[in-house]
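Novice: Provided herewith: entry.cif, mmCIF, C-alpha atoms.
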data_run
#
loop_
_atom_site.label_atom_id
_atom_site.label_comp_id
_atom_site.auth_asym_id
_atom_site.auth_seq_id
_atom_site.Cartn_x
_atom_site.Cartn_y
_atom_site.Cartn_z
CA MET A 35 32.40 3.65 -11.83
CA ASP A 36 30.68 1.62 -14.57
CA LYS A 37 29.45 -0.89 -12.01
CA LEU A 38 28.35 1.80 -9.56
CA SER A 39 26.49 3.66 -12.32
CA TYR A 40 24.76 0.44 -13.31
CA ALA A 41 23.89 -0.21 -9.65
CA TRP A 42 22.25 3.24 -9.40
CA GLY A 43 20.26 2.55 -12.55
CA LEU A 44 19.21 -0.83 -11.22
CA ALA A 45 18.09 0.67 -7.90
CA MET A 46 16.08 3.44 -9.59
CA GLY A 47 14.54 0.99 -12.07
CA GLN A 48 13.44 -1.32 -9.26
CA GLN A 49 11.99 1.60 -7.33
CA LEU A 50 9.98 2.72 -10.36
CA ARG A 51 8.70 -0.82 -11.02
CA GLY A 52 7.76 -1.10 -7.36
CA MET A 53 5.62 2.03 -7.75
CA GLY A 54 3.82 0.42 -10.70
CA VAL A 55 5.68 2.25 -13.48
CA ASN A 56 5.92 -0.34 -16.24
CA ASP A 57 6.72 1.80 -19.25
CA LEU A 58 9.34 4.50 -19.55
CA ASP A 59 11.20 6.21 -22.38
CA VAL A 60 14.66 5.22 -21.16
CA GLU A 61 16.44 7.60 -23.53
CA SER A 62 14.51 10.62 -22.18
CA TYR A 63 15.14 9.39 -18.65
CA ALA A 64 18.88 9.06 -19.31
CA SER A 65 18.95 12.50 -20.98
CA ALA A 66 17.37 14.10 -17.89
CA VAL A 67 19.82 12.34 -15.55
CA LYS A 68 22.71 13.45 -17.79
CA SER A 69 21.60 17.11 -17.75
CA VAL A 70 21.38 17.06 -13.93
CA MET A 71 24.78 15.37 -13.57
CA ASP A 72 26.41 17.70 -16.14
CA GLY A 73 24.80 20.80 -14.63
CA THR A 74 23.26 21.82 -17.98
CA GLU A 75 19.88 23.48 -18.44
CA PRO A 76 17.12 20.82 -18.31
CA GLU A 77 14.40 20.75 -20.97
CA MET A 78 11.75 21.11 -18.26
CA LYS A 79 11.44 23.17 -15.10
CA PRO A 80 11.58 21.08 -11.87
CA GLU A 81 8.08 22.32 -10.84
CA GLU A 82 6.63 21.14 -14.17
CA ALA A 83 8.41 17.80 -13.82
CA GLN A 84 7.05 17.31 -10.30
CA LYS A 85 3.51 18.18 -11.45
CA LEU A 86 3.73 15.63 -14.29
CA ILE A 87 5.01 12.93 -11.95
CA ASN A 88 2.28 13.61 -9.37
CA GLU A 89 -0.48 13.50 -11.99
CA TYR A 90 0.89 10.26 -13.43
CA LEU A 91 1.19 8.59 -10.02
CA GLN A 92 -2.36 9.64 -9.08
CA LYS A 93 -3.67 8.15 -12.34
CA LEU A 94 -1.66 4.96 -11.73
CA GLN A 95 -2.98 4.71 -8.16
CA GLY A 96 -6.56 5.16 -9.39
CA GLU A 97 -6.12 2.40 -11.97
CA MET A 98 -4.60 0.02 -9.40
CA GLU A 99 -7.43 0.69 -6.94
CA ALA A 100 -10.09 0.17 -9.63
CA ARG A 101 -8.47 -3.17 -10.55
CA ALA A 102 -8.37 -4.24 -6.90
CA ARG A 103 -12.07 -3.39 -6.44
CA GLU A 104 -12.95 -5.28 -9.63
CA VAL A 105 -10.90 -8.36 -8.65
CA GLY A 106 -12.46 -8.35 -5.15
CA SER A 107 -16.03 -7.99 -6.46
CA LYS A 108 -15.54 -10.79 -9.00
CA PHE A 109 -14.01 -13.08 -6.37
CA LEU A 110 -16.87 -12.50 -3.90
CA ALA A 111 -19.55 -12.96 -6.59
CA GLU A 112 -18.08 -16.35 -7.55
CA ASN A 113 -17.19 -17.37 -3.99
CA LYS A 114 -20.72 -16.97 -2.61
CA LEU A 115 -21.95 -19.60 -5.07
CA LYS A 116 -19.63 -22.24 -3.62
CA GLU A 117 -20.96 -24.94 -1.34
CA GLY A 118 -20.82 -24.05 2.34
CA VAL A 119 -20.27 -20.31 1.82
CA LYS A 120 -22.70 -18.10 3.75
CA GLU A 121 -23.11 -14.34 3.33
CA THR A 122 -24.37 -11.76 5.81
CA ALA A 123 -26.37 -8.62 4.94
CA SER A 124 -23.15 -6.56 5.04
CA GLY A 125 -21.50 -8.71 2.35
CA LEU A 126 -19.21 -10.60 4.75
CA GLN A 127 -18.80 -14.19 3.55
CA TYR A 128 -17.76 -17.13 5.70
CA VAL A 129 -17.37 -20.88 5.85
CA VAL A 130 -17.79 -22.80 9.08
CA GLU A 131 -14.79 -25.14 9.24
CA LYS A 132 -15.69 -26.35 12.75
CA GLU A 133 -18.42 -25.20 15.13
CA GLY A 134 -17.61 -24.36 18.71
CA THR A 135 -19.54 -25.12 21.88
CA GLY A 136 -18.39 -22.33 24.20
CA ALA A 137 -19.39 -18.73 24.78
CA LYS A 138 -20.14 -16.26 21.98
CA PRO A 139 -18.51 -12.81 22.13
CA GLY A 140 -20.37 -9.51 22.09
CA PRO A 141 -19.25 -6.46 20.08
CA GLU A 142 -17.13 -5.06 22.92
CA ASP A 143 -15.76 -8.32 24.32
CA GLU A 144 -12.09 -9.15 24.23
CA VAL A 145 -11.24 -12.36 22.40
CA THR A 146 -8.22 -14.63 22.15
CA VAL A 147 -7.81 -16.10 18.67
CA HIS A 148 -5.44 -17.81 16.32
CA TYR A 149 -5.63 -16.45 12.78
CA THR A 150 -3.98 -16.26 9.39
CA GLY A 151 -4.70 -13.32 7.07
CA LYS A 152 -4.18 -13.63 3.31
CA LEU A 153 -4.59 -11.59 0.17
CA LEU A 154 -6.61 -13.12 -2.67
CA ASP A 155 -3.38 -14.29 -4.35
CA GLY A 156 -2.57 -16.38 -1.25
CA THR A 157 0.07 -14.01 0.17
CA VAL A 158 0.04 -14.25 3.97
CA PHE A 159 0.32 -10.74 5.44
CA ASP A 160 -0.22 -11.62 9.12
CA SER A 161 -0.48 -14.82 11.15
CA SER A 162 -0.60 -15.53 14.86
CA VAL A 163 -0.22 -19.19 13.88
CA SER A 164 3.20 -18.46 12.30
CA ARG A 165 4.24 -16.52 15.39
CA GLY A 166 3.18 -19.48 17.55
CA GLU A 167 1.21 -17.28 19.94
CA PRO A 168 -2.53 -16.46 19.94
CA ALA A 169 -3.59 -12.82 19.74
CA THR A 170 -5.92 -11.07 22.20
CA PHE A 171 -7.86 -7.90 21.37
CA PRO A 172 -11.23 -6.20 21.90
CA LEU A 173 -13.70 -6.72 19.04
CA ASN A 174 -14.52 -3.01 18.87
CA ARG A 175 -10.92 -2.17 17.91
CA VAL A 176 -10.54 -4.28 14.76
CA ILE A 177 -11.79 -4.05 11.17
CA PRO A 178 -15.61 -4.23 10.81
CA GLY A 179 -15.42 -7.64 9.10
CA TRP A 180 -13.73 -9.06 12.20
CA THR A 181 -16.12 -7.35 14.62
CA GLU A 182 -19.10 -8.85 12.78
CA GLY A 183 -17.60 -12.21 11.89
CA VAL A 184 -16.10 -13.24 15.21
CA GLN A 185 -19.46 -12.57 16.91
CA LEU A 186 -20.91 -15.39 14.80
CA MET A 187 -18.48 -17.83 16.43
CA SER A 188 -18.52 -19.76 19.69
CA GLU A 189 -15.39 -20.70 21.63
CA GLY A 190 -13.69 -23.61 19.91
CA ALA A 191 -15.00 -22.67 16.44
CA LYS A 192 -12.90 -22.29 13.29
CA TYR A 193 -14.23 -20.14 10.44
CA THR A 194 -12.82 -18.81 7.21
CA PHE A 195 -13.91 -15.23 6.48
CA PHE A 196 -13.92 -13.54 3.07
CA ILE A 197 -13.94 -9.83 3.89
CA PRO A 198 -14.83 -7.18 1.28
CA SER A 199 -12.56 -4.15 1.16
CA ASP A 200 -15.17 -1.84 2.74
CA LEU A 201 -15.29 -4.14 5.79
CA ALA A 202 -11.48 -4.38 5.87
CA TYR A 203 -8.90 -1.62 5.30
CA GLY A 204 -10.66 0.12 2.39
CA PRO A 205 -8.86 2.73 0.29
CA GLN A 206 -5.97 3.22 2.71
CA GLY A 207 -4.91 -0.46 2.93
CA VAL A 208 -1.91 -1.13 5.16
CA PRO A 209 1.40 0.22 3.81
CA ASN A 210 3.81 -2.53 2.69
CA ALA A 211 1.30 -5.26 3.62
CA ILE A 212 -2.22 -4.79 2.24
CA PRO A 213 -2.84 -2.86 -0.99
CA PRO A 214 -5.75 -0.37 -1.06
CA HIS A 215 -9.22 -1.84 -1.71
CA SER A 216 -8.09 -5.42 -1.01
CA THR A 217 -10.60 -8.17 -0.31
CA LEU A 218 -9.10 -10.33 2.45
CA ILE A 219 -9.29 -13.96 3.59
CA PHE A 220 -8.92 -14.78 7.29
CA GLU A 221 -8.80 -18.22 8.85
CA VAL A 222 -9.84 -17.71 12.47
CA GLU A 223 -10.03 -20.00 15.49
CA LEU A 224 -11.85 -18.52 18.49
CA ILE A 225 -9.98 -19.82 21.53
CA LYS A 226 -11.53 -17.79 24.33
CA VAL A 227 -13.99 -15.00 25.05
CA ASN A 228 -12.63 -12.79 27.83
CA ASN A 229 -14.58 -10.41 30.05
CA LYS A 230 -15.58 -7.00 28.66
#
Can I see the file as structure tokens?

Specialist:
Amino acid sequence: MDKLSYAWGLAMGQQLRGMGVNDLDVESYASAVKSVMDGTEPEMKPEEAQKLINEYLQKLQGEMEARAREVGSKFLAENKLKEGVKETASGLQYVVEKEGTGAKPGPEDEVTVHYTGKLLDGTVFDSSVSRGEPATFPLNRVIPGWTEGVQLMSEGAKYTFFIPSDLAYGPQGVPNAIPPHSTLIFEVELIKVNNK
């Protein structure tokens, strides 16, 4: 039972850390768990406890989102000063790794591409290259940064895009893959422009 109890504590601790909870009064936490397990009267009503937790998590989420926006803005401000980086009116930044010579897609064309998507810390969250199979999709069904950026390319081109959060997944992010307000980096090779 000692080991199982420790395992429960470990699991709950990891879950809390995963939610961004980095400080906790462990004695108060243990006291609350004990009162529930013993069936004694808790020091706080469950509704009050839930309200406190919700308010704390909302505050934590707001702080994490503000940090992500700040990190993204700082990265883009420094990145646009680097040699070879171009920026469009929308704030999309890109580097031409290799120009293509084929057709250019329109906003509703379907394209076949190879790509790797990364967070600013280098974490790869999606890659057709890793899967070993190019992806095909219509440009009007992807994030705005892709719709705009891929239209700059010709078949055979390879670009690196630096996509601000508001041209990517914004405040919702992608659960378990892309945190809210993330600035993204995509390495894209335009293989083929298909018919509309």

Novice: Can you list, as a list in words, every protein, DNA or RNA residue that comes within 9 Å of Gly190 (chain A) when you count only C-alpha atoms, leaving out same-chain residues fewer than 5 positions away?

Specialist: Lys132, Glu133, Gly134, Thr135, Gly136, Ala137, Glu223, Leu224, Ile225 and Lys226 of chain A

Novice: I'd like the contact shell of Gly151 (chain A) - 9 Å cut-off, all atoms listed in the file, skipping same-chain residues fewer than 4 positions apart - returned as a VMD selection string.

Specialist: chain A and resid 157 to 161 218 to 222

Novice: Specify as a list in words each residue included when the PyMOL selection byres ((chain A and resi 130) around 10) is applied to this file.

Specialist: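 When the PyMOL selection byres ((chain A and resi 130) around 10) is applied to the shown file, the picked residues are Gly118, Val119, Lys120, Tyr128, Val129, Glu131, Lys132, Glu133, Gly134, Leu186, Met187, Ala191, Lys192, Tyr193, Thr194 and Phe195 of chain A.
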
Novice: Let me make sure I understand: among A:Pro141, A:Met46, A:Lys85, A:Glu112, which one has the smallest atom-to-atom distance to Val60 (chain A) if we use all atoms listed in the file?

Specialist: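 Closest to Val60 (chain A), using all atoms listed in the file: A:Met46.
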
Novice: Please enumerate the residues selected by the PyMOL selection byres ((chain A and resi 63) around 12) when evaluated against the supplied file, formatted as a PyMOL selection string.

Specialist: chain A and resi 43+46-47+50+57-62+64-70+76-77+83

Novice: Quote the spacing between CA of Glu75 (chain A) and CA of Ile87 (chain A) in Å to one decimal place.

Specialist: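 Distance between the two atoms: 19.4 Å.
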
Novice: Evaluate the PyMOL selection byres ((chain A and resi 124-126) around 12) here and jot the selected residues down as an MDAnalysis selection string.

Specialist: chainID A and resid 106:107 110:111 113:114 119:123 127:129 177:184 186 194:202 217:220

Novice: Just the number, please: distance in Å from CA of Asn210 (chain A) to CA of Gly54 (chain A), one decimal.

Specialist: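 Straight-line distance from CA of Asn210 (chain A) to CA of Gly54 (chain A) works out to 13.7 Å.
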
Novice: Would you mind reading off the distance between CA of Gln49 (chain A) and CA of Thr150 (chain A), one decimal, in Å?

Specialist: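 Going from CA of Gln49 (chain A) over to CA of Thr150 (chain A) covers 29.2 Å.
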
Novice: Using all atoms listed in the file, pick whichever of A:Thr74, A:Gln185, A:Thr146, A:Gln95 has the shortest atom-to-atom distance to Val227 (chain A).

Specialist: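 Distance minimum relative to Val227 (chain A) lands on A:Thr146.
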
Novice: Give the answer as one residue: which of A:Met78, A:Leu91, A:Val105, A:Gly73 has the shortest atom-to-atom distance to Leu153 (chain A), using all atoms listed in the file?

Specialist: A:Val105

Novice: So which one's closest to Ile212 (chain A), A:Glu167, A:Asp143, A:Glu117, A:Glu99? Using all atoms listed in the file, please.

Specialist: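 Using all atoms listed in the file, Ile212 (chain A) sits closest to A:Glu99.
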
Novice: For a quick check of understanding, using all atoms listed in the file, which of A:Glu142, A:Glu104, A:Gln84, A:Gln206 has the smallest distance to Val176 (chain A)?

Specialist: A:Glu142

Novice: Rank nothing, just name the residue among A:Gly96, A:Pro205, A:Gly166, A:Phe171 nearest to Glu144 (chain A), using all atoms listed in the file.

Specialist: A:Phe171

Novice: Can you put N, CA and C atoms back into region 179-200 of chain A and show it as a short mmCIF file (atom, residue, chain, number, x, y, z; two decimals), in the coordinates of the input?

Specialist:
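Full text of part.cif as output:
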data_model
loop_
_atom_site.label_atom_id
_atom_site.label_comp_id
_atom_site.auth_asym_id
_atom_site.auth_seq_id
_atom_site.Cartn_x
_atom_site.Cartn_y
_atom_site.Cartn_z
N GLY A 179 -15.20 -6.24 9.47
CA GLY A 179 -15.42 -7.64 9.10
C GLY A 179 -15.10 -8.60 10.23
N TRP A 180 -14.09 -8.25 11.02
CA TRP A 180 -13.73 -9.06 12.20
C TRP A 180 -14.77 -8.88 13.30
N THR A 181 -15.15 -7.63 13.56
CA THR A 181 -16.12 -7.35 14.62
C THR A 181 -17.40 -8.15 14.37
N GLU A 182 -17.88 -8.11 13.13
CA GLU A 182 -19.10 -8.85 12.78
C GLU A 182 -18.86 -10.35 12.77
N GLY A 183 -17.81 -10.78 12.10
CA GLY A 183 -17.60 -12.21 11.89
C GLY A 183 -17.33 -13.00 13.15
N VAL A 184 -16.47 -12.48 14.02
CA VAL A 184 -16.10 -13.24 15.21
C VAL A 184 -17.30 -13.38 16.16
N GLN A 185 -18.25 -12.44 16.10
CA GLN A 185 -19.46 -12.57 16.91
C GLN A 185 -20.36 -13.73 16.48
N LEU A 186 -20.15 -14.23 15.27
CA LEU A 186 -20.91 -15.39 14.80
C LEU A 186 -20.39 -16.69 15.41
N MET A 187 -19.18 -16.64 15.96
CA MET A 187 -18.48 -17.83 16.43
C MET A 187 -18.73 -18.10 17.91
N SER A 188 -18.56 -19.36 18.28
CA SER A 188 -18.52 -19.76 19.69
C SER A 188 -17.11 -20.24 19.99
N GLU A 189 -16.72 -20.21 21.25
CA GLU A 189 -15.39 -20.70 21.63
C GLU A 189 -15.18 -22.11 21.07
N GLY A 190 -14.02 -22.32 20.50
CA GLY A 190 -13.69 -23.61 19.91
C GLY A 190 -13.96 -23.68 18.41
N ALA A 191 -14.65 -22.67 17.87
CA ALA A 191 -15.00 -22.67 16.44
C ALA A 191 -13.82 -22.26 15.57
N LYS A 192 -13.84 -22.73 14.31
CA LYS A 192 -12.90 -22.29 13.29
C LYS A 192 -13.72 -21.90 12.06
N TYR A 193 -13.54 -20.66 11.62
CA TYR A 193 -14.23 -20.14 10.44
C TYR A 193 -13.19 -19.59 9.47
N THR A 194 -13.58 -19.57 8.20
CA THR A 194 -12.82 -18.81 7.21
C THR A 194 -13.70 -17.65 6.77
N PHE A 195 -13.18 -16.44 6.87
CA PHE A 195 -13.91 -15.23 6.48
C PHE A 195 -13.35 -14.68 5.17
N PHE A 196 -14.27 -14.21 4.32
CA PHE A 196 -13.92 -13.54 3.07
C PHE A 196 -14.45 -12.11 3.24
N ILE A 197 -13.55 -11.17 3.45
CA ILE A 197 -13.94 -9.83 3.89
C ILE A 197 -13.78 -8.81 2.76
N PRO A 198 -14.91 -8.22 2.31
CA PRO A 198 -14.83 -7.18 1.28
C PRO A 198 -14.00 -6.00 1.77
N SER A 199 -13.42 -5.29 0.84
CA SER A 199 -12.56 -4.15 1.16
C SER A 199 -13.21 -3.15 2.11
N ASP A 200 -14.52 -2.86 1.90
CA ASP A 200 -15.17 -1.84 2.74
C ASP A 200 -15.40 -2.31 4.17
#
